[in-house]
Amino acid sequence: MKRRSIDLLVVGILAVVTACLAVLLTIDMQHTNFVAIRLIALPLVLVLPGYACTAAIFPRRDQSFATLLVFSLAASLILVISLGLLLNLTSMGLRTPSWAIALASVTLLACLIADRRRRPYPYSPVFSGRFRLQAVGFTLDQWLLVSMAIIVLASAFTLSIIGAIQQPRKGFTQLWMLPGSNTPTHSIVRLGVNNLEVGPMHYRLIVNMNGKVMKAWPLLELQSGTQWQSTLSLPLAPRNKTLRLEATLSLENTPNKTYRYVVLWLGSKTPVTVQRSTTPTPTILPLPSSIILSRRK
Amino acid sequence: MTTQSQKSVALMLPEADTMRVASVQSQNRWGWLPILSLSYAIGVFLVAMAYEAGRIAAPWYEAPFWLGMIVLFLPTAYRLLLSHPTREERIALVTLLGVSFYLAQFLEYPLYLAGHDSFAHWRTAQDITAGGHLFQHNPLLPISALYPGQEIINNALTSLTGLPVFWAGFLEIGVAETIFVLSLYLLYERLSALPRTASLAALLYMANSAFMFFDTQFSYESLALPLAAFVLYTMSMQRYAPTYRSRSLTLLTIGGLAVVSVTHPVTSYILDICLLGWTIIHTLQRRSQREAGSPTGIAFIALGLSIAWVFYTKGVVINYLLPHFNSTLQQIILILSGHNPPRQLFHAGSSYVTPLWERILAIGSLVLLVAGLPFGLLQIKRRYRTSALTLVLACAALSYPISQAFRLTSAGAESAVRTTEFLFLGLAFVLAVSITERWVIKVQSRRSFALMLSALTIIFLGQVVLGSEPAWASFPGPYLVSADQRSIEPEGITTAEWARIHLGTGNRVAADRINTLLMATYGYQRAFTSVGAPLPVEPIFVARSLNAGVMNIMRTDHIQYVVVDLRLSTSLPWVGTYFDDSPTKNPVTKPLSLAVLTKFDHVQYVNRVFDSGDIVIYDVRPLTG
């Protein structure tokens with residue numbers, strides 16, 4: 001590509017590099033979190049395919065920046081959705097490698113078409129691919145104002161994010177009891193306590209079977225944000241009989257008041273174990289609750 | 001002033017954007033942009049302060065919000081009303097204002113998705129990530145999985161960057177908003193050939209109640225509407241384009257139409273109606289009056305694409321939309337025949353009533369919008385009657401007052417809100433024409449300028465009231481019972497996460513409106529809403545005992561776990577219902593009784609497996625098999 005298409009050269013190289021990086025870093029993601037580096041793949045979805053497509057549509061390079069921007073962004077989204085529908089037809093589906101290959105290929109193809117269509121037309125500096133700060137046309141004062149705007153905006157984000165993390169909320173404790181995998185002679189029961197209160201807590205946990213104390217933990221000391229788990233092995237219920245297992249959690253300073261309470265029926269009518277579904281769990285949640293809960297007051 | 005002949009010349013020169021040459025010659029092409037960018041940042045900061053005040057339940061939380069809104073809108077409105085800002089400045093101002101509105105709204109919940117609709121689309125995004133393929137069943141909103149345009153982009157972003165759905169969605173909708181505002185400006189500029197009209201029309205559009213509050217959510221319309229605006233822009237551009245460009249633009253337009261068809265059904269149908277209207281008007285016009293290029297082919301392609309997608313998705317959308325239309329029509333008929341009193345305006349669920357000053361602003365806004373219409377329509381008739389697309393926009397503007405009558409019905413109120421963003425496409429342009437082509441010529445005194453600025457501000461603030469009503473829903477704050485975003489809090493989230501970790505995924509779960517959302521997304525369970533479940537789950541919770549009817553529902557829905565939120569007994573539901581689309585449809589008059597909610601405690605063989613104080617999970621598999 002000659003000087004007329006230096007921008008397309010940049011776009012093509014960027015597309016290939018970002019696609020490769022996205023795939024390579026995904027492989028390593030199992031061990032390390034590379035999200036910050038992988039963010040460089042953003043233009044591969046949001047801008048590059050559309051820019052190349054726009055260059056192919058407007059070979060004369062006579063449109064304004066606003067038109068170029070809206071076409072680049074909108075064409076990118078249109079191409080990504082179209083590619084997504086096509087990838088869905090493949091056995092690979094919508095996965096990181098398929099996205100990387102598809103988007104990089106489409107961008108490169110559009111770059112080649114654009115370069116070919118540009119040949120009859122003279123070079124235009126609008127598409128030079130270079131960015132000069134002076135070209136924006138701001139004076140020093142105006143740059144200062146814009147910088148202040150960015151600082152104020154960043155402050156607004158900081159205020160909101162920290163405010164949302166530290167929003168005053170009531171703490172709580174989770175207690176659970178679930179059937180485990182039984183052995184031929186014993187029923188296995190899993191117990192757990194999760195302290196999500198504001199500070200450290202001292203609990204007392206008692207497990208009763210048909211009204212009789214089976215096991216007691218007189219003092220469970222848990223820091224905020226930590227959990228305790230244990231397994232109970234109990235004799236199997238006699239045939240055609242059921243056993244009612246109750247776990248009562250109370251606070252150390254109010255031992256006679258039930259704080260949390262769970263019940264499990266053991267015997268013929270109860271499920272043997274919790275059936276874990278085979279549905280794969282998506283790994284990407286919007287935000288782990290650990291962050292939301294991390295700095296509660 | 002630009003004369004008709006100048007306009008014609010401008011429209012004949014589609015190769016270069018019409019006002020480019022003049023604006024480059026301008027000495028200070030950015031004008032007030034730097035100082036206004038600071039004002040946008042301050043406006044966003046003030047709104048962020050208001051949200052923060054809401055979080056700590058400070059009584060003054062509304063003051064910085066309204067101040068922030070004024071700081072965002074008023075200086076821009078002032079600047080755009082003036083005649084001398086350049087085209088570049090106008091484009092930059094409207095784009096930055098649009099992005100500022102989006103950021104201000106985002107900062108309400110900057111850590112997690114909170115909007116009710118967002119959860120349904122998040123579930124679709126999760127399903128695509130988990131399975132690698134589209135069109136998996138979404139228990140929250142089955143139709144979301146069949147219109148996956150937005151989630152496809154989200155999947156591309158999350159797959160390639162590793163960003164969480166939330167942040168990928170933030171970027172995606174941010175890009176969509178930018179496309180939207182730019183497309184609107186460029187479309188209006190194509191139609192009017194006047195940057196001032198175009199910028200004022202874009203500004204008025206952004207003043208509509210849905211722009212800031214509804215179309216910034218992580219939902220399919222937030223993407224489809226900007227793409228629809230882009231399609232209209234490319235079509236308006238195409239009519240004057242040379243052949244070599246016209247073919248490429250046609251391809252892109254069809255691509256845009258196809259993408260809108262697979263992203264959001266209602267936007268797709270409204271775009272079809274718009275294109276068919278354009279075709280009809282174009283056909284009815286005299287040959288001498290017609291503009292170049294007929295939209296007929298594209299209109300029929302658009303219609304074909306929409307119909308094809310309805311068939312491909314087996315008509316699910318018809319069953320989804322029809323009940324809404326039927327219910328609205330029935331209510332209107334009942335109101336007109338005097339059998340049903342109109343819906344009480346400005347009264348939300350629970351006992352909340354909008355303050356008087358906000359009601360005055362909202363009504364003032366509607367009055368001003370309707371009052372400005374005839375002047376704009378007159379100008380359209382005089383100056384733009386040859387443009388078929390402009391006449392379509394005028395028809396949309398005319399429909400606006402009619403659509404607002406739907407607010408009088410409870411079923412139609414949502415339709416009135418949701419048609420606003422479509423009808424405003426026309427209304428904004430008509431009003432902008434009335435401002436620039438009538439008001440500017442006739443009255444140009446300082447007093448009239450101040451009056452016009454005040455009118456624009458009232459329109460904007462009134463629309464903010466209509467869009468943000470009720471106030472408790474527009475501000476973060478302490479937990480409220482069944483109040484959508486105000487009910488999303490750590491206890492519910494961690495309970496759902498506990499279910500995912502300890503019960504496994506894909507269990508069939510019955511829960512109230514809020515826990516259904518959390519269980520289906522954070523918990524990745526099959527928690528059903530009324531549109532997803534074979535039988536509505538509400539009776540499981542409200543029945544006094546586990547009678548035969550309740551057992552039948554639990555067995556038909558194959559319910560495995562019941563999630564009971566004991567807080568439902570502490571207050572009336574703020575959104576009017578505890579359960580998604582309650583089958584009884586009767587207003588809730590008293591909170592659910594605690595004894596009713598805890599009835600499972602006394603049922604033999606039902607395991608109470610989880611207790612977090614407010615939320616209890618029962619394992620009902622021994623009853624349902």
# chains A, B, ... in the order shown; residues from 1 in each chain; ligands from 1

$ residues_around --residues "B:Ile91" --least-positions-apart "4" --cutoff "8 Å" --atoms "only C-alpha atoms" --output "ChimeraX atom specification"
/A:66 /B:87,95,182,185,199

$ residues_around --residues "stretch 571-581 of chain B" --least-positions-apart "4" --cutoff "10 Å" --atoms "only C-alpha atoms" --output "NGL selection string"
:B and (140 or 348-352 or 470 or 472-473 or 480-484 or 486-487 or 511-517 or 528-531 or 536-539 or 541-542 or 567 or 585-592)

$ write_last_selection --atoms "C-alpha atoms" --output "mmCIF file, in the first residue's frame"
data_model
loop_
_atom_site.group_PDB
_atom_site.id
_atom_site.type_symbol
_atom_site.label_atom_id
_atom_site.label_comp_id
_atom_site.auth_asym_id
_atom_site.auth_seq_id
_atom_site.Cartn_x
_atom_site.Cartn_y
_atom_site.Cartn_z
ATOM 1 C CA LEU B 140 -36.803 -14.208 32.165
ATOM 2 C CA ALA B 348 -46.837 5.534 41.371
ATOM 3 C CA GLY B 349 -47.062 2.258 43.275
ATOM 4 C CA SER B 350 -47.174 2.334 47.070
ATOM 5 C CA SER B 351 -48.409 5.756 48.219
ATOM 6 C CA TYR B 352 -45.945 7.944 46.322
ATOM 7 C CA PRO B 470 -41.264 8.375 40.564
ATOM 8 C CA TRP B 472 -37.522 6.885 44.489
ATOM 9 C CA ALA B 473 -36.881 4.924 41.290
ATOM 10 C CA LEU B 480 -37.214 -0.776 49.244
ATOM 11 C CA VAL B 481 -39.605 -3.691 48.853
ATOM 12 C CA SER B 482 -40.232 -4.731 45.236
ATOM 13 C CA ALA B 483 -38.846 -1.487 43.838
ATOM 14 C CA ASP B 484 -36.753 -2.897 40.970
ATOM 15 C CA ARG B 486 -33.858 -0.094 44.682
ATOM 16 C CA SER B 487 -34.346 -3.732 45.668
ATOM 17 C CA ALA B 511 -39.313 -16.454 43.511
ATOM 18 C CA ASP B 512 -40.730 -12.948 43.731
ATOM 19 C CA ARG B 513 -40.092 -10.276 41.057
ATOM 20 C CA ILE B 514 -36.674 -9.245 42.353
ATOM 21 C CA ASN B 515 -35.251 -12.596 43.415
ATOM 22 C CA THR B 516 -36.351 -14.062 40.095
ATOM 23 C CA LEU B 517 -34.043 -11.610 38.342
ATOM 24 C CA PHE B 528 -39.326 -17.960 35.724
ATOM 25 C CA THR B 529 -41.172 -14.743 35.130
ATOM 26 C CA SER B 530 -44.811 -14.810 34.095
ATOM 27 C CA VAL B 531 -43.820 -14.807 30.419
ATOM 28 C CA PRO B 536 -47.545 -18.062 37.075
ATOM 29 C CA VAL B 537 -45.802 -18.712 40.376
ATOM 30 C CA GLU B 538 -47.527 -16.018 42.431
ATOM 31 C CA PRO B 539 -50.097 -18.355 44.079
ATOM 32 C CA PHE B 541 -46.404 -17.406 47.711
ATOM 33 C CA VAL B 542 -49.780 -15.816 48.409
ATOM 34 C CA ARG B 567 -39.141 -8.497 53.537
ATOM 35 C CA LYS B 585 -54.071 -7.951 38.151
ATOM 36 C CA ASN B 586 -55.686 -6.605 41.309
ATOM 37 C CA PRO B 587 -53.879 -3.791 43.082
ATOM 38 C CA VAL B 588 -52.080 -4.933 46.220
ATOM 39 C CA THR B 589 -53.728 -3.265 49.202
ATOM 40 C CA LYS B 590 -51.825 -4.816 52.097
ATOM 41 C CA PRO B 591 -48.431 -6.447 52.523
ATOM 42 C CA LEU B 592 -48.150 -10.208 52.387
#

$ residues_around --residues "stretch 43-57 of chain B" --least-positions-apart "5" --cutoff "9 Å" --atoms "only C-alpha atoms" --output "number ranges by chain"
A: 152-157, 159-160, 163-164, 167-168; B: 38, 62-73, 100-101, 103-105, 107-109, 474-478

$ write_last_selection --atoms "N, CA, C and O atoms" --output "short mmCIF file (atom, residue, chain, number, x, y, z; two decimals), in the first residue's frame"
data_model
loop_
_atom_site.label_atom_id
_atom_site.label_comp_id
_atom_site.auth_asym_id
_atom_site.auth_seq_id
_atom_site.Cartn_x
_atom_site.Cartn_y
_atom_site.Cartn_z
N VAL A 152 -12.77 16.80 36.36
CA VAL A 152 -14.07 16.84 37.07
C VAL A 152 -14.86 15.56 36.77
O VAL A 152 -15.48 14.97 37.67
N LEU A 153 -14.81 15.13 35.52
CA LEU A 153 -15.54 13.91 35.13
C LEU A 153 -14.96 12.70 35.86
O LEU A 153 -15.71 11.84 36.36
N ALA A 154 -13.64 12.64 35.93
CA ALA A 154 -13.00 11.52 36.64
C ALA A 154 -13.40 11.56 38.12
O ALA A 154 -13.63 10.51 38.74
N SER A 155 -13.51 12.77 38.67
CA SER A 155 -13.93 12.90 40.08
C SER A 155 -15.36 12.39 40.25
O SER A 155 -15.67 11.73 41.26
N ALA A 156 -16.21 12.68 39.29
CA ALA A 156 -17.60 12.22 39.36
C ALA A 156 -17.64 10.69 39.37
O ALA A 156 -18.38 10.08 40.15
N PHE A 157 -16.82 10.07 38.53
CA PHE A 157 -16.77 8.61 38.50
C PHE A 157 -16.24 8.05 39.82
O PHE A 157 -16.80 7.09 40.35
N LEU A 159 -16.26 9.47 42.78
CA LEU A 159 -17.27 9.69 43.83
C LEU A 159 -18.35 8.61 43.76
O LEU A 159 -18.73 8.02 44.77
N SER A 160 -18.83 8.35 42.55
CA SER A 160 -19.94 7.40 42.40
C SER A 160 -19.51 5.98 42.73
O SER A 160 -20.23 5.25 43.41
N GLY A 163 -18.68 5.73 46.40
CA GLY A 163 -19.95 5.88 47.12
C GLY A 163 -20.79 4.62 47.04
O GLY A 163 -21.39 4.20 48.03
N ALA A 164 -20.83 4.01 45.86
CA ALA A 164 -21.64 2.80 45.70
C ALA A 164 -21.03 1.64 46.48
O ALA A 164 -21.75 0.83 47.07
N GLN A 167 -21.72 2.25 50.21
CA GLN A 167 -23.11 2.58 50.58
C GLN A 167 -23.49 1.87 51.88
O GLN A 167 -23.30 0.65 52.01
N PRO A 168 -24.03 2.60 52.87
CA PRO A 168 -24.38 1.96 54.14
C PRO A 168 -25.43 0.87 53.92
O PRO A 168 -26.46 1.12 53.28
N LEU B 38 -16.46 21.72 30.11
CA LEU B 38 -16.31 21.80 31.57
C LEU B 38 -17.68 21.86 32.24
O LEU B 38 -17.91 21.22 33.28
N GLU B 62 -32.27 15.69 46.00
CA GLU B 62 -32.83 16.08 44.70
C GLU B 62 -32.25 17.40 44.18
O GLU B 62 -32.20 17.62 42.97
N ALA B 63 -31.81 18.27 45.09
CA ALA B 63 -31.34 19.61 44.66
C ALA B 63 -30.17 19.54 43.68
O ALA B 63 -30.24 20.14 42.59
N PRO B 64 -29.07 18.81 44.00
CA PRO B 64 -27.98 18.77 43.02
C PRO B 64 -28.36 18.07 41.72
O PRO B 64 -27.78 18.39 40.66
N PHE B 65 -29.35 17.18 41.77
CA PHE B 65 -29.77 16.51 40.54
C PHE B 65 -30.36 17.52 39.56
O PHE B 65 -29.98 17.60 38.39
N TRP B 66 -31.29 18.34 40.08
CA TRP B 66 -31.95 19.30 39.20
C TRP B 66 -30.97 20.39 38.75
O TRP B 66 -31.02 20.83 37.59
N LEU B 67 -30.09 20.77 39.66
CA LEU B 67 -29.07 21.76 39.30
C LEU B 67 -28.17 21.19 38.20
O LEU B 67 -27.85 21.88 37.21
N GLY B 68 -27.78 19.93 38.37
CA GLY B 68 -26.94 19.28 37.37
C GLY B 68 -27.63 19.22 36.02
O GLY B 68 -27.01 19.46 34.97
N MET B 69 -28.92 18.92 36.04
CA MET B 69 -29.68 18.86 34.78
C MET B 69 -29.68 20.22 34.08
O MET B 69 -29.49 20.32 32.87
N ILE B 70 -29.87 21.26 34.89
CA ILE B 70 -29.90 22.61 34.30
C ILE B 70 -28.51 22.97 33.76
O ILE B 70 -28.39 23.52 32.66
N VAL B 71 -27.47 22.64 34.52
CA VAL B 71 -26.10 22.95 34.07
C VAL B 71 -25.78 22.19 32.77
O VAL B 71 -25.09 22.71 31.90
N LEU B 72 -26.30 21.00 32.66
CA LEU B 72 -26.06 20.24 31.43
C LEU B 72 -26.79 20.85 30.24
O LEU B 72 -26.23 20.99 29.16
N PHE B 73 -28.05 21.21 30.45
CA PHE B 73 -28.90 21.55 29.31
C PHE B 73 -28.86 23.03 28.92
O PHE B 73 -28.72 23.37 27.74
N SER B 100 -22.83 13.04 27.85
CA SER B 100 -22.92 13.47 29.26
C SER B 100 -24.20 12.94 29.92
O SER B 100 -24.16 12.48 31.07
N PHE B 101 -25.30 13.02 29.21
CA PHE B 101 -26.55 12.46 29.75
C PHE B 101 -26.36 10.98 30.06
O PHE B 101 -26.81 10.47 31.09
N LEU B 103 -23.54 9.34 30.68
CA LEU B 103 -22.65 9.13 31.82
C LEU B 103 -23.36 9.45 33.13
O LEU B 103 -23.22 8.74 34.13
N ALA B 104 -24.13 10.54 33.11
CA ALA B 104 -24.86 10.93 34.33
C ALA B 104 -25.80 9.81 34.75
O ALA B 104 -25.89 9.48 35.93
N GLN B 105 -26.48 9.23 33.80
CA GLN B 105 -27.42 8.16 34.12
C GLN B 105 -26.67 6.90 34.58
O GLN B 105 -27.09 6.22 35.51
N LEU B 107 -23.97 6.69 36.23
CA LEU B 107 -23.40 6.82 37.58
C LEU B 107 -24.42 6.54 38.69
O LEU B 107 -24.07 6.47 39.85
N GLU B 108 -25.68 6.34 38.31
CA GLU B 108 -26.68 5.99 39.32
C GLU B 108 -26.32 4.63 39.94
O GLU B 108 -26.38 4.46 41.15
N TYR B 109 -25.98 3.68 39.10
CA TYR B 109 -25.55 2.36 39.58
C TYR B 109 -24.29 1.98 38.84
O TYR B 109 -24.33 1.28 37.84
N SER B 474 -35.53 6.84 40.67
CA SER B 474 -34.47 7.52 39.92
C SER B 474 -33.23 7.78 40.73
O SER B 474 -32.27 8.32 40.20
N PHE B 475 -33.28 7.45 42.00
CA PHE B 475 -32.11 7.69 42.85
C PHE B 475 -31.75 6.41 43.58
O PHE B 475 -32.63 5.70 44.05
N PRO B 476 -30.46 6.13 43.70
CA PRO B 476 -30.09 4.99 44.54
C PRO B 476 -30.36 5.34 45.99
O PRO B 476 -30.42 6.51 46.34
N GLY B 477 -30.53 4.33 46.81
CA GLY B 477 -30.81 4.61 48.22
C GLY B 477 -31.02 3.33 48.97
O GLY B 477 -30.76 2.24 48.45
N PRO B 478 -31.52 3.44 50.20
CA PRO B 478 -31.75 2.23 50.99
C PRO B 478 -32.73 1.28 50.31
O PRO B 478 -33.54 1.71 49.48
#

$ residues_around --residues "B:Trp32" --least-positions-apart "4" --cutoff "8 Å" --atoms "only C-alpha atoms" --output "PDB file with all heavy atoms, in the first residue's frame"
ATOM      1  N   LEU B  36     -17.934  24.730  27.568  1.00  0.00           N
ATOM      2  CA  LEU B  36     -19.133  23.905  27.765  1.00  0.00           C
ATOM      3  C   LEU B  36     -18.772  22.462  28.122  1.00  0.00           C
ATOM      4  O   LEU B  36     -19.543  21.793  28.816  1.00  0.00           O
ATOM      5  CB  LEU B  36     -20.023  23.952  26.525  1.00  0.00           C
ATOM      6  CG  LEU B  36     -20.810  25.254  26.362  1.00  0.00           C
ATOM      7  CD1 LEU B  36     -21.780  25.173  25.195  1.00  0.00           C
ATOM      8  CD2 LEU B  36     -21.594  25.588  27.621  1.00  0.00           C
ATOM      9  N   ARG B  79     -26.433  28.308  23.612  1.00  0.00           N
ATOM     10  CA  ARG B  79     -25.435  28.402  22.541  1.00  0.00           C
ATOM     11  C   ARG B  79     -26.027  27.969  21.193  1.00  0.00           C
ATOM     12  O   ARG B  79     -25.769  28.587  20.168  1.00  0.00           O
ATOM     13  CB  ARG B  79     -24.249  27.501  22.904  1.00  0.00           C
ATOM     14  CG  ARG B  79     -23.072  27.578  21.954  1.00  0.00           C
ATOM     15  CD  ARG B  79     -22.423  28.934  21.983  1.00  0.00           C
ATOM     16  NE  ARG B  79     -21.326  29.010  21.034  1.00  0.00           N
ATOM     17  CZ  ARG B  79     -20.748  30.129  20.640  1.00  0.00           C
ATOM     18  NH1 ARG B  79     -21.168  31.296  21.109  1.00  0.00           N
ATOM     19  NH2 ARG B  79     -19.759  30.118  19.781  1.00  0.00           N
ATOM     20  N   GLU B  89     -18.774  23.108  15.937  1.00  0.00           N
ATOM     21  CA  GLU B  89     -19.102  23.347  17.339  1.00  0.00           C
ATOM     22  C   GLU B  89     -20.455  22.730  17.679  1.00  0.00           C
ATOM     23  O   GLU B  89     -20.602  22.078  18.718  1.00  0.00           O
ATOM     24  CB  GLU B  89     -19.138  24.851  17.627  1.00  0.00           C
ATOM     25  CG  GLU B  89     -19.312  25.144  19.118  1.00  0.00           C
ATOM     26  CD  GLU B  89     -19.568  26.608  19.421  1.00  0.00           C
ATOM     27  OE1 GLU B  89     -19.270  27.474  18.561  1.00  0.00           O
ATOM     28  OE2 GLU B  89     -20.067  26.899  20.515  1.00  0.00           O
TER      29      GLU B  89
END

$ closest_residue --among "A:Met214, A:Val16, A:Met177, A:Ala110" --to "chain B" --atoms "only C-alpha atoms"
A:Met177

$ residues_around --residues "stretch 45-47 of chain A" --least-positions-apart "2" --cutoff "8 Å" --atoms "only C-alpha atoms" --output "CSV table (one decimal) with N, CA, C and O atoms, in the first residue's frame"
chain,number,residue,atom,x,y,z
A,41,ALA,N,-8.1,-4.8,22.5
A,41,ALA,CA,-8.9,-5.4,21.5
A,41,ALA,C,-10.3,-4.7,21.3
A,41,ALA,O,-11.0,-5.0,20.3
A,42,LEU,N,-10.5,-3.7,22.1
A,42,LEU,CA,-11.8,-2.9,21.9
A,42,LEU,C,-12.0,-2.4,20.5
A,42,LEU,O,-13.1,-2.5,20.0
A,43,PRO,N,-11.0,-1.7,20.0
A,43,PRO,CA,-11.2,-1.2,18.6
A,43,PRO,C,-11.5,-2.2,17.6
A,43,PRO,O,-12.2,-1.9,16.6
A,49,PRO,N,-13.4,-2.5,12.0
A,49,PRO,CA,-14.1,-3.1,10.9
A,49,PRO,C,-14.9,-2.0,10.2
A,49,PRO,O,-14.9,-1.9,8.9
A,50,GLY,N,-15.5,-1.1,11.0
A,50,GLY,CA,-16.4,-0.1,10.4
A,50,GLY,C,-15.5,1.0,9.7
A,50,GLY,O,-15.9,1.5,8.6
A,51,TYR,N,-14.4,1.3,10.2
A,51,TYR,CA,-13.5,2.3,9.6
A,51,TYR,C,-13.1,1.8,8.2
A,51,TYR,O,-13.1,2.5,7.2
A,72,SER,N,-18.0,4.8,10.9
A,72,SER,CA,-17.1,3.8,11.4
A,72,SER,C,-17.7,3.0,12.6
A,72,SER,O,-17.6,1.8,12.6
A,73,LEU,N,-18.4,3.8,13.5
A,73,LEU,CA,-18.9,3.1,14.6
A,73,LEU,C,-20.1,2.2,14.3
A,73,LEU,O,-20.2,1.1,14.6
A,76,SER,N,-19.3,-0.8,12.2
A,76,SER,CA,-18.7,-1.8,13.0
A,76,SER,C,-19.7,-2.6,13.7
A,76,SER,O,-19.7,-3.9,13.7
A,77,LEU,N,-20.7,-2.0,14.3
A,77,LEU,CA,-21.7,-2.7,15.0
A,77,LEU,C,-22.5,-3.6,14.1
A,77,LEU,O,-22.9,-4.7,14.4
A,80,VAL,N,-20.4,-6.6,13.2
A,80,VAL,CA,-20.2,-7.5,14.3
A,80,VAL,C,-21.5,-8.4,14.5
A,80,VAL,O,-21.4,-9.6,14.7
A,103,LEU,N,-13.3,-11.1,12.8
A,103,LEU,CA,-13.2,-9.7,12.7
A,103,LEU,C,-11.9,-9.2,12.0
A,103,LEU,O,-12.0,-8.3,11.2
B,153,ILE,N,-22.9,-8.2,20.2
B,153,ILE,CA,-21.9,-7.3,20.4
B,153,ILE,C,-21.2,-7.4,21.8
B,153,ILE,O,-20.0,-7.4,21.9
B,156,ALA,N,-19.0,-10.3,21.7
B,156,ALA,CA,-17.7,-10.1,21.0
B,156,ALA,C,-16.8,-9.3,22.0
B,156,ALA,O,-15.6,-9.6,22.1
B,157,LEU,N,-17.3,-8.3,22.7
B,157,LEU,CA,-16.5,-7.5,23.6
B,157,LEU,C,-16.0,-8.3,24.8
B,157,LEU,O,-14.8,-8.3,25.1
B,175,VAL,N,-21.3,3.7,22.9
B,175,VAL,CA,-21.0,3.8,21.4
B,175,VAL,C,-22.3,4.0,20.7
B,175,VAL,O,-22.5,4.9,19.8

$ residues_around --residues "A:Thr242" --least-positions-apart "4" --cutoff "7 Å" --atoms "only C-alpha atoms" --output "MDAnalysis selection string"
chainID A and resid 237 265:268

$ write_last_selection --atoms "all heavy atoms" --output "PDB file, in the first residue's frame"
ATOM      1  N   ALA A 237     -31.214 -43.208  58.033  1.00  0.00           N
ATOM      2  CA  ALA A 237     -32.539 -43.344  58.644  1.00  0.00           C
ATOM      3  C   ALA A 237     -33.052 -44.764  58.392  1.00  0.00           C
ATOM      4  O   ALA A 237     -32.800 -45.328  57.321  1.00  0.00           O
ATOM      5  CB  ALA A 237     -33.492 -42.340  58.024  1.00  0.00           C
ATOM      6  N   TRP A 265     -34.748 -32.911  55.893  1.00  0.00           N
ATOM      7  CA  TRP A 265     -35.408 -34.191  56.174  1.00  0.00           C
ATOM      8  C   TRP A 265     -34.561 -35.302  55.579  1.00  0.00           C
ATOM      9  O   TRP A 265     -34.217 -35.269  54.392  1.00  0.00           O
ATOM     10  CB  TRP A 265     -36.802 -34.230  55.557  1.00  0.00           C
ATOM     11  CG  TRP A 265     -37.775 -33.310  56.233  1.00  0.00           C
ATOM     12  CD1 TRP A 265     -37.947 -32.006  55.990  1.00  0.00           C
ATOM     13  CD2 TRP A 265     -38.676 -33.651  57.262  1.00  0.00           C
ATOM     14  NE1 TRP A 265     -38.905 -31.471  56.797  1.00  0.00           N
ATOM     15  CE2 TRP A 265     -39.389 -32.481  57.607  1.00  0.00           C
ATOM     16  CE3 TRP A 265     -38.979 -34.829  57.971  1.00  0.00           C
ATOM     17  CZ2 TRP A 265     -40.360 -32.451  58.593  1.00  0.00           C
ATOM     18  CZ3 TRP A 265     -39.962 -34.796  58.933  1.00  0.00           C
ATOM     19  CH2 TRP A 265     -40.638 -33.604  59.251  1.00  0.00           C
ATOM     20  N   LEU A 266     -34.231 -36.269  56.402  1.00  0.00           N
ATOM     21  CA  LEU A 266     -33.437 -37.398  55.919  1.00  0.00           C
ATOM     22  C   LEU A 266     -34.320 -38.642  55.921  1.00  0.00           C
ATOM     23  O   LEU A 266     -35.076 -38.866  56.858  1.00  0.00           O
ATOM     24  CB  LEU A 266     -32.227 -37.646  56.816  1.00  0.00           C
ATOM     25  CG  LEU A 266     -31.248 -36.482  56.976  1.00  0.00           C
ATOM     26  CD1 LEU A 266     -30.196 -36.814  58.015  1.00  0.00           C
ATOM     27  CD2 LEU A 266     -30.587 -36.165  55.655  1.00  0.00           C
ATOM     28  N   GLY A 267     -34.225 -39.428  54.873  1.00  0.00           N
ATOM     29  CA  GLY A 267     -35.038 -40.648  54.826  1.00  0.00           C
ATOM     30  C   GLY A 267     -35.598 -40.855  53.451  1.00  0.00           C
ATOM     31  O   GLY A 267     -35.158 -40.252  52.469  1.00  0.00           O
ATOM     32  N   SER A 268     -36.658 -41.685  53.380  1.00  0.00           N
ATOM     33  CA  SER A 268     -37.142 -42.145  52.076  1.00  0.00           C
ATOM     34  C   SER A 268     -37.676 -41.027  51.191  1.00  0.00           C
ATOM     35  O   SER A 268     -37.601 -41.098  49.986  1.00  0.00           O
ATOM     36  CB  SER A 268     -38.220 -43.191  52.286  1.00  0.00           C
ATOM     37  OG  SER A 268     -39.245 -42.639  53.101  1.00  0.00           O
TER      38      SER A 268
END

$ select_by_dssp --residues "stretch 151-301 of chain B" --states "helix (DSSP H, G or I)" --output "NGL selection string"
:B and (151-161 or 165-192 or 195-206 or 209-213 or 220-238 or 243-261 or 265-284 or 296-301)

$ closest_residue --among "A:Ser187, A:Thr173, A:Thr139, A:Gln166" --to "chain B" --atoms "only C-alpha atoms"
A:Thr173

$ select_by_dssp --residues "stretch 412-542 of chain B" --states "strand (DSSP E or B)" --output "list in words"
Arg508, Val509, Ala510, Arg526 and Ala527 of chain B

$ write_last_selection --atoms "C-alpha atoms" --output "tab-separated table (two decimals), in the first residue's frame"
chain	number	residue	atom	x	y	z
B	508	ARG	CA	-36.14	-24.55	38.45
B	509	VAL	CA	-36.74	-21.80	40.97
B	510	ALA	CA	-39.87	-19.90	42.04
B	526	ARG	CA	-34.18	-21.31	35.69
B	527	ALA	CA	-36.16	-18.72	37.58
